[in-house]
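Okay, structure first, notes after.
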Amino acid sequence: MLYATHLTIDLDAVRHNARVIRAKAGDRLLLAAVKADGYGHGAVEISRLLEREQLVDWLGVATVPEAIALREAGIGLPILKLSHAFAEEIPAALDAELTLTVVDDESLGEVAAAARARVRPTRVHMAIDTGMRRIGCEPERAVELARQVTDSGLELEGISTHLPVSDTPQGKDFTVAQIAEFMAAVARVQSDRTSHGLAPVPLVHGAASAGAMWHDISGMTMVRPGIILYGLYPDPATPRTVALRPALTMRSRVSLVKHVRAHETVGYGRSWEAPTDRWIGTVPVGYADGFNRLNSNRGRMLVNGRSFPVAGRVCMDQTMLDLGESDDHGVHRGDEVVVIGSSGAESIDCDELARLAGTINYEVTTVIPPRVRRYYMNGAGDAGTSSSGSGSTGVEDSGNSSAS
């Protein structure tokens, strides 16, 4: 059974995007960012696909529980925590074979202390701050911190940075300078290691989606695609030089159609007044489903290939649509509603919803909560596994998709 409000995730689109990224990245390793429940697409199912079909080499998460959920689901790929952990989280992270990031003396000391009781070597990545000003050591301290990693008995497996404006043309000069500073710092670390008889650090990475696709990242050995893996461009200004396929569609159903008279108001705050006698359609989608309240009186949804504007305020669980004054609007209870995706010749994408909310497409998908069921399509109508949230792995066959 397809629940009224749900997502369908096109795994063929994810496959296509991963292959496009692989072709662009050349012989570099791929780390797929699956944090925030796979940017709202379902981290477990996305990771299973990527591992099963050998589409990527690493996974990246933001939190220790995200990594534990993947391990509990049977995911065996190497997992990097992209930021540092608090001391109390580190033992559980090491139990889950999560590769940790160190950013300064304190974070290094905490990992080293937890690792002393471990039999197997503990590998870490070291972050260098080249302009994001979020995490990481200063470039001039990179050699010293790298030495301390080794002296602490840890294995330095990777060196990373992050590029804050690689997704826009106006950020090119800053990004080019960042990459140059990062690679210079990496070169100093590698030279120092060689002089002490140590092998070079194998994984050098600083390019997320935009950096990997649109910048010269010579010398980096791994890239970290995130948003583009799911078929979305990082910014409206990002050059469309690679063909991506959005993986996510959000649908619901019309729950009620009713007639209202001219000058009657609709919804909380009575913020919408019918200019004439109108028909109103109610849809069980609200801000608790990730449909932003800023869509009130300005967003739209698609029904039977037609676009209908939101009438009144978006409620927690429901939204009303203005179907017009004619009784031949063609909308009936039970009809499919497209919130994100296409219906006939009409379409609504995440960028449109982001513009209306004054945000970015990343937020549009990541705020869709677990109560909105995810159905996974394996192409040609094949059924795939699905979940109602991160870590859920039940299967219920429903013809062309499945849900739990």
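How things are named: the first chain in the structure tokens is A, the next is B, and so on; residues count from 1 in each chain; ligands count from 1 in the order shown.
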Inset, instruction - Please provide as a ChimeraX atom specification all residues within 8 Å of Ala93 (chain A), with the sequence filter that same-chain residues fewer than 4 positions apart are discarded (counting only C-alpha atoms). - result: /A:64,67-68,89,97-100
Residue neighbourhood Ile90 (chain A), 8 Å, only C-alpha atoms, exclusion window fewer than 4 positions, as a PDB file with N, CA, C and O atoms, in the first residue's frame:
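After the write, selection11.pdb holds the following:
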ATOM      1  N   ALA A  85      34.658  14.161  16.659  1.00  0.00           N
ATOM      2  CA  ALA A  85      33.703  13.632  17.629  1.00  0.00           C
ATOM      3  C   ALA A  85      34.020  14.142  19.027  1.00  0.00           C
ATOM      4  O   ALA A  85      35.152  14.534  19.326  1.00  0.00           O
ATOM      5  N   PHE A  86      33.008  14.143  19.887  1.00  0.00           N
ATOM      6  CA  PHE A  86      33.231  14.413  21.300  1.00  0.00           C
ATOM      7  C   PHE A  86      33.836  13.177  21.951  1.00  0.00           C
ATOM      8  O   PHE A  86      33.641  12.042  21.487  1.00  0.00           O
ATOM      9  N   LEU A  94      34.726   3.897  17.422  1.00  0.00           N
ATOM     10  CA  LEU A  94      35.758   2.919  17.107  1.00  0.00           C
ATOM     11  C   LEU A  94      35.195   1.502  17.076  1.00  0.00           C
ATOM     12  O   LEU A  94      35.614   0.672  16.255  1.00  0.00           O
ATOM     13  N   GLU A 110      41.984  13.130  22.333  1.00  0.00           N
ATOM     14  CA  GLU A 110      40.815  12.334  22.725  1.00  0.00           C
ATOM     15  C   GLU A 110      40.754  11.027  21.951  1.00  0.00           C
ATOM     16  O   GLU A 110      40.438   9.972  22.515  1.00  0.00           O
ATOM     17  N   VAL A 111      41.033  11.086  20.648  1.00  0.00           N
ATOM     18  CA  VAL A 111      41.028   9.853  19.864  1.00  0.00           C
ATOM     19  C   VAL A 111      42.164   8.936  20.305  1.00  0.00           C
ATOM     20  O   VAL A 111      41.980   7.721  20.479  1.00  0.00           O
ATOM     21  N   ALA A 114      41.386   7.048  23.532  1.00  0.00           N
ATOM     22  CA  ALA A 114      40.430   5.955  23.359  1.00  0.00           C
ATOM     23  C   ALA A 114      41.030   4.798  22.571  1.00  0.00           C
ATOM     24  O   ALA A 114      40.617   3.648  22.733  1.00  0.00           O
TER      25      ALA A 114
END
Once you count only C-alpha atoms, what closest atom pair and distance in Å to one decimal does each residue of region 314-333 of chain A within 9 Å of region 259-275 of chain A have, with rows by chain and rising residue number, as a Markdown table?
| residue | atom | partner | partner_atom | distance |
| --- | --- | --- | --- | --- |
| A:Val314 | CA | A:Gly267 | CA | 8.0 |
| A:Cys315 | CA | A:Tyr268 | CA | 7.6 |
| A:Thr319 | CA | A:Gly267 | CA | 8.6 |
| A:Met320 | CA | A:Gly267 | CA | 7.8 |
| A:Asp322 | CA | A:Ala274 | CA | 8.8 |
| A:Glu325 | CA | A:His259 | CA | 8.9 |
| A:Asp327 | CA | A:His259 | CA | 8.9 |
Could you save those same residues with C-alpha atoms as a PDB file, in the first residue's frame?
ATOM      1  CA  VAL A 314       0.271  25.675   5.249  1.00  0.00           C
ATOM      2  CA  CYS A 315      -0.868  23.723   8.326  1.00  0.00           C
ATOM      3  CA  THR A 319      -2.523  22.278   2.892  1.00  0.00           C
ATOM      4  CA  MET A 320      -5.378  23.726   0.849  1.00  0.00           C
ATOM      5  CA  ASP A 322      -7.307  26.912  -4.887  1.00  0.00           C
ATOM      6  CA  GLU A 325     -14.221  28.920  -9.642  1.00  0.00           C
ATOM      7  CA  ASP A 327     -16.848  23.120 -11.154  1.00  0.00           C
TER       8      ASP A 327
END
Legend entry - Per-residue DSSP, region 5-231 of chain A, filtered to strand (DSSP E or B), as JSON, numbers by chain: {"A": [6, 7, 8, 9, 10, 29, 30, 31, 32, 33, 58, 59, 60, 61, 79, 80, 81, 98, 99, 100, 101, 102, 123, 124, 125, 126, 127, 128, 137, 155, 156, 157, 158, 159, 160, 203, 204, 205, 222, 223]}
Inset, instruction - Name the closest residue to Gly158 (chain A) among the candidates A:Ala247, A:Leu77, A:Ala184, A:Val223; distances are taken between atoms, counting only C-alpha atoms. - result: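 Distance minimum relative to Gly158 (chain A) lands on A:Val223.
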Inset, instruction - Select, from A:Arg22, A:Arg253, A:Arg28, A:Arg193, the residue with the minimum atom-to-atom distance to Arg333 (chain A), counting only C-alpha atoms. - result: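 For Arg333 (chain A), the nearest of the candidates is A:Arg253.
The nearest approach to Arg306 (chain A) among the residues A:Leu294, A:Val14, A:Leu353, A:Val331, with only C-alpha atoms taken into account, belongs to A:Val331.
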Legend entry - Exercise: Arg188 (chain A) partners within 12 Å, only C-alpha atoms, chain neighbours under 4 positions left out, as a ChimeraX atom specification: /A:139-147,159,181-184,192-195,200-201
Legend entry - Contacts of Ala23 (chain A) at 12 Å (only C-alpha atoms; same-chain gap of 5+ positions) as a list in words: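 Near neighbours after the sequence-gap exclusion: His16, Asn17, Ala18, Arg28, Leu29, Leu30, Leu55, Val56, Ala212, Met213, Val242 and Ala243 of chain A.
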I'd like a table as CSV: residues in region 35-147 of chain A with an atom no more than 8 Å from region 6-12 of chain A, each row giving the shortest atom pair and its distance in Å to one decimal, only C-alpha atoms counted, sorted by chain and rising residue number.
residue,atom,partner,partner_atom,distance
A:His41,CA,A:Ile9,CA,6.7
A:Ile46,CA,A:Leu11,CA,7.8
A:Leu49,CA,A:Leu11,CA,7.8
